[in-house]
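Each remark here refers to the structure printed beneath this line.
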Amino acid sequence: ELSPQEYFSGLQAGRASLAYFSHNVSPGAQPFLEQIENSAEALQDYGISVVKVNCPKEDISRYCGKENALRKAYLFRGNMLIREFPTDALFDVNSIVANVLFALLFNEVKYVETLADLQNIENVLKGRSNMVFAYVPATGTAEHRAVMEAAFVYGTVHQFVLTTEATLLKDTGSDEPDASSARLLFCHCQRATDLAQPCRRTAMEQALTMLNIHRHLKLMGAPLVTEVAEDPEKVSTVHLQLGLPLVFILSQKETYEADRRTAEFVAWQLLGKAGVALLSRDLVDLNVLLRSNVALKTPDEGVPIKYLVLEDTDEVITLVEDKNKVEQIQEDEEEDEEDEDEKENNNQDIQDDQVVEAVSRDKKRELPLEQILVLTEETFHSALLETAQTVVLFYASWEAVSLAVLRSYTEVADHLKGTPGLLLSRVNCWDWPGVCTKENVTQFPTIKIYEKGERSVMYNGMWGTEELTSFIMLSRVPCPVKLATIEEAEGYLRGEFPSELSSYHHTSLLGVFSAATSEAREAFEEAGNILSGHVTMGMYFEDDALAL
């Protein structure tokens, strides 16, 4: 509780605060004040302070003087008024948190009323990032709060879109939408390439809570199909960690392309319900029947993996959705073992024909890869020692995202052609899985930058040509760079030093240390090692440091 003068003089730039101005609390305002007080802790988690401003009786200023002003709460960012709320719109903690975050995230969370608005946002996002589309029957509800809290956390990763229009929910193709129930759809726009088609959508089946949204987004961010080259008993994925089963599609070299497409089809059907992995018999010695083509691993401790023979993808999906199906299939296999062996041989002939057709149909377009050195198990380590800085793209030649990144990578190579001390290279992890395993590459694609074969930095940004080029160039500069004179430090602040980075947009930090702050200087240098490639950091610690 503060006076008006204390409140306005203490406002900090960029910091949000929710303020309620009052002369004296009437009995009617008491329930509102109780809810405001109860919301203070929740809002504090998001850096928002809650203040009751006690107005003197003689105060006739804008916020204290008018009677209708005293029936409102005001949201400020610094000393700028963002939004004013009627007190009856802030009726409980959920409505307070939801409405305050909605106002602060106005630019991050798009509100739409029509299908055309939604489609316009989708089209902008296609090929760039994904979208989280939420329907809530009304604002200020617990579901609205959950969406806003999720947007606060994940708004820099995904585009959040909100609506309260039930007709729009129906227009998105949701099956028999219930206008009284909140819904959330994850829209896979980053994978979309056809502007004429809507982004593929995966609905969250659980109740709309912050925990369930977090779980859903984590599942959506996992690889669609995981490549496995080890004992399935040792495999752990995000699906198993979240209590969902993992389906293995058993593959071999001769049927790989067809098995890969089958795995991706099944993965889309089971998205959010189970994980899918492609297990190569050629890389793992499985002590199971050759005719087994599917395995199921449950998250339950001590339950062995079940190996099965399934006829089609519908049976795989039913396997996950109907737990009793596993026992039924195993019983059928024991009864009809001889018939199944004969059928296996016939099916294999048909499958081989399909593979030949698929391989010829899916030939990749040629990319200009002359400037990118191909590394193998024999040449990998020697190549890292030959150049001051080696960039390595670890990819899988069958994987769609890898091929898209490979195209960007060729553009980066063309842009940086002739840069001294820099080598751009690639490793196909399907051809050389041993190299990728030793380098701790667990997903595709992955880019690492090696300094003379020693320290490596992993890239975790966007896959565009500009972003990749900037990361590589920033990684070439020591982080932090040590500045010898005040002139160099001032040039660094103006963006003139290091000169090779003047054309790249990046964040710069300057640390100024006296001789007595060795511990802080060491921490700054350690942070530089972590942030290399993402920002530039300059460090000045000469005797005249205070002159800066």
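Here's how to read the names in the structure tokens: chain A, B, ... by the order shown, residue numbers from 1 in each chain, ligand numbers from 1 in the order shown.
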Margin query: So that I can check the secondary structure, give me every residue of range 13-189 of chain A assigned helix (DSSP H, G or I) by backbone DSSP, as number ranges by chain.
Written below: A: 27-44, 62-65, 68-71, 87-89, 93-104, 115-125, 142-154, 166-171
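Those residues that approach range 76-91 of chain A to within 7 Å, counting only C-alpha atoms, are Leu11, Gln12, Ala13, Gly14, Arg15, Ala16, Ser17, Leu18, Phe32, Arg71, Lys72, Ala73, Tyr74, Ser95, Ile96 and Ala103 of chain A; same-chain residues fewer than 2 positions away are not listed.
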Notebook entry, point to check: Residues at most 9 Å from Ser3 in chain A, counting only C-alpha atoms, excluding those fewer than 2 positions away in the same chain, as an MDAnalysis selection string?
Noted result: chainID A and resid 1 5:8 52:56
Margin query: Need to verify the contact set: Ser408 in chain A, 10 Å, only C-alpha atoms, exclusion of same-chain residues closer than 5 positions in sequence. Can you return it as an NGL selection string?
Written below: :A and (402-403 or 413-414 or 463-469)
Item checked: All strand (DSSP E or B) positions in range 135-334 of chain A, as a VMD selection string -> chain A and resid 135 159 to 163 183 to 188 200 to 203 226 to 228 246 to 251 275 to 280 294 to 297 306 to 308
Note to self: Nearest residue to His188 in chain A out of A:Glu113, A:Glu522, A:Asp45, A:Glu122, using only C-alpha atoms?
What the structure shows: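 Of A:Glu113, A:Glu522, A:Asp45, A:Glu122, the one nearest His188 in chain A, counting only C-alpha atoms, is A:Glu122.
The coordinates place CA of Thr164 in chain A at 10.4 Å from CA of Arg183 in chain A.
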Item checked: Residues near Asn123 in chain A, cut-off 9 Å, only C-alpha atoms, skip fewer than 2 positions along chain, as a PyMOL selection string -> chain A and resi 118-121+125-127+189+195-196+198-199
Go ahead and save the residues from that selection, with N, CA, C and O atoms, as a short mmCIF file (atom, residue, chain, number, x, y, z; two decimals), in the first residue's frame.
data_model
loop_
_atom_site.label_atom_id
_atom_site.label_comp_id
_atom_site.auth_asym_id
_atom_site.auth_seq_id
_atom_site.Cartn_x
_atom_site.Cartn_y
_atom_site.Cartn_z
N LEU A 118 -7.60 -16.02 -39.20
CA LEU A 118 -6.77 -17.16 -38.81
C LEU A 118 -5.93 -17.65 -39.98
O LEU A 118 -4.73 -17.94 -39.83
N GLN A 119 -6.54 -17.71 -41.16
CA GLN A 119 -5.80 -18.18 -42.34
C GLN A 119 -4.68 -17.23 -42.73
O GLN A 119 -3.61 -17.66 -43.17
N ASN A 120 -4.90 -15.93 -42.55
CA ASN A 120 -3.85 -14.95 -42.86
C ASN A 120 -2.63 -15.16 -41.96
O ASN A 120 -1.48 -15.08 -42.41
N ILE A 121 -2.90 -15.40 -40.67
CA ILE A 121 -1.79 -15.64 -39.74
C ILE A 121 -1.07 -16.93 -40.12
O ILE A 121 0.16 -16.99 -40.13
N LEU A 125 2.97 -17.66 -41.25
CA LEU A 125 3.83 -18.54 -40.45
C LEU A 125 4.36 -19.74 -41.23
O LEU A 125 5.35 -20.35 -40.81
N LYS A 126 3.73 -20.10 -42.35
CA LYS A 126 4.10 -21.32 -43.07
C LYS A 126 5.58 -21.33 -43.45
O LYS A 126 6.09 -20.37 -44.02
N GLY A 127 6.22 -22.44 -43.10
CA GLY A 127 7.64 -22.58 -43.38
C GLY A 127 8.54 -21.87 -42.39
O GLY A 127 9.77 -21.98 -42.47
N CYS A 189 2.68 -25.33 -38.70
CA CYS A 189 2.88 -24.46 -39.86
C CYS A 189 4.33 -24.46 -40.34
O CYS A 189 4.60 -24.17 -41.51
N LEU A 195 0.70 -23.01 -49.64
CA LEU A 195 -0.12 -21.92 -49.12
C LEU A 195 -1.61 -22.19 -49.28
O LEU A 195 -2.43 -21.61 -48.57
N ALA A 196 -1.96 -23.07 -50.20
CA ALA A 196 -3.38 -23.34 -50.45
C ALA A 196 -3.98 -24.28 -49.41
O ALA A 196 -5.20 -24.37 -49.28
N PRO A 198 -4.38 -25.66 -45.36
CA PRO A 198 -4.19 -25.23 -43.97
C PRO A 198 -3.09 -26.03 -43.29
O PRO A 198 -2.74 -27.13 -43.74
N CYS A 199 -2.52 -25.47 -42.23
CA CYS A 199 -1.49 -26.19 -41.49
C CYS A 199 -2.12 -27.43 -40.84
O CYS A 199 -3.26 -27.39 -40.38
#
Next item on the list: Please provide the set of residues having any atom within 9 Å of Ser532 in chain A, restricted to only C-alpha atoms, with same-chain residues fewer than 5 positions apart removed, written as a VMD selection string.
Entry: chain A and resid 457 471 474 to 480 527 537
Check: Which is closest to Ala166 in chain A among A:Ser181, A:Leu373, A:Val93, A:Thr485, if we use only C-alpha atoms?
Finding: A:Ser181
Next item on the list: Provide the CA of Leu105 in chain A to CA of Asn460 in chain A distance in Å, to one decimal place.
Entry: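 Answer for the CA of Leu105 in chain A to CA of Asn460 in chain A separation: 24.9 Å.
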Item checked: Straight-line distance linking CA of Glu108 in chain A with CA of Leu162 in chain A, stated in Å to one decimal ->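 It comes out at 10.6 Å.
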Notebook entry, point to check: Between A:Glu490, A:Glu254, A:Asp194, A:Asp285, which one has atoms that come closest to Asp231 in chain A, using only C-alpha atoms?
Noted result: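 Checking each candidate against Asp231 in chain A, we get A:Asp285 as the closest.
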